[in-house]
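*Asks:* Can you read through this structure? Questions will come right after.
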Amino acid sequence: MRRTLAEQFIHYFTPKKRIAIFMVAPTMLVLLLFAIYPLIFMFGNSFRAWQLTSVLPPKFVWFKTFGTLFSYGRYWNAFANTLILLAIGILVQSVLGLGIAMLLNRQFHGKRILTGLFLVPVMIVPVVSGTIWRLMLNSEFGPFNYLLGITVHWLGVTKAASMTAILMMDTWQWTPFVAMVLLAGLSAIPREVYEAADVDSASGWHVFTRVTLPLLRPIFGLVVLLRTIFIFRIYEPVSILTAGGPGSATESLSLLTYRTGFQFWNIGLSSAMSVIQVIFMILVAYLFLKFVVTGGRTRHA
Amino acid sequence: MHSQGRTRSIHDRIRRAKRRKLISHYSQNVLVILVVLVFLSPVMWIVTGSFKTRVEFYSTPPVFLPHQASTATGTNYARALEVGGKGFIDSIIVAGFATVLTILLAVPASYAIARYRIGAQHIPFFILSILFLPPVVGILPLFMLLKTLHLIDTHLGLILAYMFFNLPLAVWLTKGFFEDLPEDLESAALVDGYSRFRAFLKIAVPLVVPGIAVAGLFTFIFSWNELAYASIMTRSSVETLPIALTNLMGGHGIQWGALCALATLAAVPGILLSLFMQKYLIRGLSFGAIRG
């Protein structure tokens, strides 16, 4: 007796496997269906010279677009800017976020309201946030300079001031997210651990560096990884605040990729940028998950 | 005599330690309030902006207390509702359904990943890697895909697109919660004759409701705020709030008062949702989302 292919397929898996496949399949189908076109599009076009404004049809050029990219100064500038935003942004936001999370991780009146209010920046539609920040940082009638009693041209005059402005807005937008996730991590630390430290009459700083930080490591790693992913997608603060200016000095990778594709209509080059970014992110995420998030702790069975 | 003196000094020390603790407690409260105020100041600029006339946005020194609030407020909010009224309905439909569908797909998937280790680490890594794609990469292919499905300028098209964006984060958030859940309860249910699926639905899911609330809240906010895809996948029959907001920025310069009014109104559903979910949110985040 020969089984049909479907029967063979079903009997190949244990019941446990079958239910697992049944549960994960819809998500995988949706992701594959929607990701497959962009993936083919991205990889396929990164090997083609394809200028939408040109009458010439797309031409297969092997790795030539990557070569072009390699000697494209504006690209490396955008890459460097993204890494600067990444380094300073994540450093500032994790220190601030951790501090705020620790302040919120106590019992006090109005805790729920304050935590809720702290999340409000996330609720503002980013395109409006950007526009309002541009208004607030305006050097003539903006309240920011007025309240601080300074006269700084924040936007589009010098690179340093423009980058600072982008970082300020990004920090305002994302610190609540960082703080919320770290707050979760903090409240997951069992109270007994602190009580034990209290009995040993360890100093506050000692408890923080020897107890809190090590226990917070996996979630700290996860939040840094998520922020890394999101900073590579940063758009509104750059495009609305400085539009990448002065010139293209503060352009981020995502803004340049967008412009290359949808303003200069160079699909080939834009795709090559995306490919490099994806490969870079895969490497970073792999190292992160291996060494920071799961490293140093044993996975439970 | 001698022992009495020592008792007093111990009491003294305890009292001083208590006072120090109290002072530190209150100074930390003050610090929290200051931090929240700093973070809320741009939000306050938007809210007070909705009470201002156009001129007041461009005056030096900046106007902190609007002078003509009584007339300006009405004008601003009327204009906001005129431009964004339909946007509210469209946004609620799109973000609402996207959130429900995302959760319906993400929860069983993350359970299968966490509990049955389906696909070892490869499937979760693939799911996370969707987030590595620059958003630009998706625009043209997704547009063509929706076009072949005749879903351009429909609610369903945008709902599917947002489901695709938010699934990875939702799976990763809920996955952590299931991983932190002890297996014993479900094993006991299996012994009692529950099917595996029923054990998942009746035992595991109710215990991770907090995690589901967290994933749902973020999915809702991200769908609610999304602009780039909405502006390309829709034309006139669907117009979400971010698009309505950009309509107040184009043409004859920015209509500041109405923009601030609509932005204020647009933030309300998210704030209400987060307050409603607070009791789950803090407890929820603390359960999971930790494990890689």
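Residues in the structure tokens are named by chain (A, B, ... in the order shown) and by number from 1 within that chain; ligands are numbered from 1 in the order shown.
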Residues of range 77-196 of chain A that have any atom at most 9 Å from an atom of range 17-29 of chain B: could you tabulate them with the shortest-distance atom pair and the distance in Å to one decimal, using only C-alpha atoms, ordered by chain and increasing number, as a Markdown table?
*Replies:*
```
| residue | atom | partner | partner_atom | distance |
| --- | --- | --- | --- | --- |
| A:Leu103 | CA | B:Gln28 | CA | 6.6 |
| A:Leu104 | CA | B:Asn29 | CA | 8.9 |
| A:Phe108 | CA | B:Asn29 | CA | 7.7 |
| A:His109 | CA | B:Asn29 | CA | 9.0 |
```
*Asks:* Save the residues we just selected, C-alpha atoms, as an mmCIF file, in the first residue's frame?
*Replies:*
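What ended up in result-v4.cif:
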```cif
data_model
loop_
_atom_site.group_PDB
_atom_site.id
_atom_site.type_symbol
_atom_site.label_atom_id
_atom_site.label_comp_id
_atom_site.auth_asym_id
_atom_site.auth_seq_id
_atom_site.Cartn_x
_atom_site.Cartn_y
_atom_site.Cartn_z
ATOM 1 C CA LEU A 103 13.164 56.268 39.589
ATOM 2 C CA LEU A 104 9.859 54.797 38.412
ATOM 3 C CA PHE A 108 5.038 56.373 45.295
ATOM 4 C CA HIS A 109 1.819 58.296 44.838
#
```
*Asks:* Return as a VMD selection string the residues belonging to chain B that are within 7 Å of chain A, counting only C-alpha atoms.
*Replies:* chain B and resid 28 32 36 39 43 58 to 62 105 to 106 108 to 109 112 116 118 129 132 to 134 136 to 138 141 164 221 225 242 263 267 270 to 271 274 to 275 282 285 to 287 290 to 292
*Asks:* Those residues with C-alpha atoms, as a JSON list (two decimals), in the first residue's frame please?
*Replies:*
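Listing of again.json after writing:
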```
[["chain", "number", "residue", "atom", "x", "y", "z"],
["B", 28, "GLN", "CA", 13.54, 61.26, 43.91],
["B", 32, "VAL", "CA", 10.70, 62.11, 38.45],
["B", 36, "VAL", "CA", 8.38, 64.00, 33.06],
["B", 39, "PHE", "CA", 9.72, 65.21, 28.28],
["B", 43, "VAL", "CA", 3.76, 67.97, 23.94],
["B", 58, "TYR", "CA", 5.73, 83.53, 14.96],
["B", 59, "SER", "CA", 6.08, 86.16, 17.67],
["B", 60, "THR", "CA", 9.19, 87.08, 19.61],
["B", 61, "PRO", "CA", 9.34, 86.46, 22.50],
["B", 62, "PRO", "CA", 7.43, 83.17, 22.10],
["B", 105, "LEU", "CA", -1.24, 35.49, 14.13],
["B", 106, "ALA", "CA", 1.63, 36.39, 16.46],
["B", 108, "PRO", "CA", 0.17, 31.06, 18.31],
["B", 109, "ALA", "CA", 3.38, 31.54, 16.32],
["B", 112, "ALA", "CA", 5.07, 27.36, 18.87],
["B", 116, "TYR", "CA", 8.00, 23.56, 20.75],
["B", 118, "ILE", "CA", 9.91, 25.00, 16.03],
["B", 129, "SER", "CA", 15.41, 40.04, 10.21],
["B", 132, "PHE", "CA", 16.39, 44.86, 9.05],
["B", 133, "LEU", "CA", 14.90, 45.70, 5.66],
["B", 134, "PRO", "CA", 15.00, 49.46, 5.16],
["B", 136, "VAL", "CA", 12.19, 52.10, 1.45],
["B", 137, "VAL", "CA", 12.86, 48.63, 0.06],
["B", 138, "GLY", "CA", 9.29, 47.59, 0.65],
["B", 141, "PRO", "CA", 7.32, 45.87, -4.34],
["B", 164, "PHE", "CA", 3.37, 42.59, 7.95],
["B", 221, "ILE", "CA", 0.59, 52.97, 18.14],
["B", 225, "ASN", "CA", 1.33, 56.82, 13.46],
["B", 242, "PRO", "CA", -1.09, 61.09, 9.57],
["B", 263, "ALA", "CA", -2.27, 66.26, 16.63],
["B", 267, "ALA", "CA", -2.88, 61.38, 20.53],
["B", 270, "GLY", "CA", -3.25, 56.04, 22.23],
["B", 271, "ILE", "CA", -3.16, 57.72, 25.64],
["B", 274, "SER", "CA", -2.12, 53.05, 27.41],
["B", 275, "LEU", "CA", -3.93, 54.17, 30.60],
["B", 282, "ILE", "CA", 3.95, 47.23, 33.92],
["B", 285, "LEU", "CA", 6.53, 43.87, 30.53],
["B", 286, "SER", "CA", 8.04, 42.48, 33.69],
["B", 287, "PHE", "CA", 7.02, 38.94, 32.83],
["B", 290, "ILE", "CA", 13.53, 39.48, 28.37],
["B", 291, "ARG", "CA", 14.87, 36.37, 26.82],
["B", 292, "GLY", "CA", 16.62, 36.59, 23.46]]
```
*Asks:* Between B:Ala188, B:Val100, B:Ile139, B:Ile89, which residue has the minimum interatomic distance to Ala230 in chain B, considering only C-alpha atoms?
*Replies:*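 Counting only C-alpha atoms, the residue closest to Ala230 in chain B is B:Ile139.
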*Asks:* For Ala80 in chain B, list every protein, DNA or RNA residue within 7 Å, evaluated using only C-alpha atoms, and leave out those in the same chain fewer than 3 positions away; present the list as a VMD selection string.
*Replies:* chain B and resid 76 to 77 83 to 84 258 to 259 261 to 262
*Asks:* Write out as a PyMOL selection string the residues lying within 8 Å of Trp174 in chain A, counting only C-alpha atoms and excluding same-chain residues fewer than 4 positions away.
*Replies:* chain A and resi 93+122+170+178
*Asks:* Write out the residues from the selection above, keeping N, CA and C atoms, as a CSV table (one decimal), in the first residue's frame.
*Replies:*
```
chain,number,residue,atom,x,y,z
A,93,GLN,N,20.5,57.5,25.6
A,93,GLN,CA,19.2,57.0,25.9
A,93,GLN,C,19.2,55.8,26.9
A,122,VAL,N,5.6,59.1,22.7
A,122,VAL,CA,5.4,58.1,21.7
A,122,VAL,C,4.1,58.2,20.9
A,170,ASP,N,15.5,62.6,18.8
A,170,ASP,CA,15.5,61.2,18.8
A,170,ASP,C,15.4,60.7,20.3
A,178,VAL,N,12.8,53.0,25.8
A,178,VAL,CA,13.9,52.3,26.5
A,178,VAL,C,13.6,52.2,28.0
```
*Asks:* So what do you get for CA of Lys64 in chain A versus CA of Gln263 in chain A, distance-wise?
*Replies:*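 Here the two named atoms are 21.2 Å from each other.
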*Asks:* Work out how far CA of Leu52 in chain A is from CA of Ser248 in chain A, in Å to one decimal.
*Replies:*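 We find that CA of Ser248 in chain A and CA of Leu52 in chain A lie 22.6 Å from each other.
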*Asks:* Which of range 44-205 of chain A end up as alpha helix (DSSP H) when DSSP is run on this backbone - answer as a PyMOL selection string?
*Replies:* chain A and resi 44-46+64-70+73-104+111-118+120-123+126-136+143-148+159-188+191-199+204-205
*Asks:* Pick the closest to Thr240 in chain B from B:Thr99, B:Ser195, B:Ser91, B:Thr53: which is it, counting only C-alpha atoms?
*Replies:*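 Checking each candidate against Thr240 in chain B, we get B:Ser91 as the closest.
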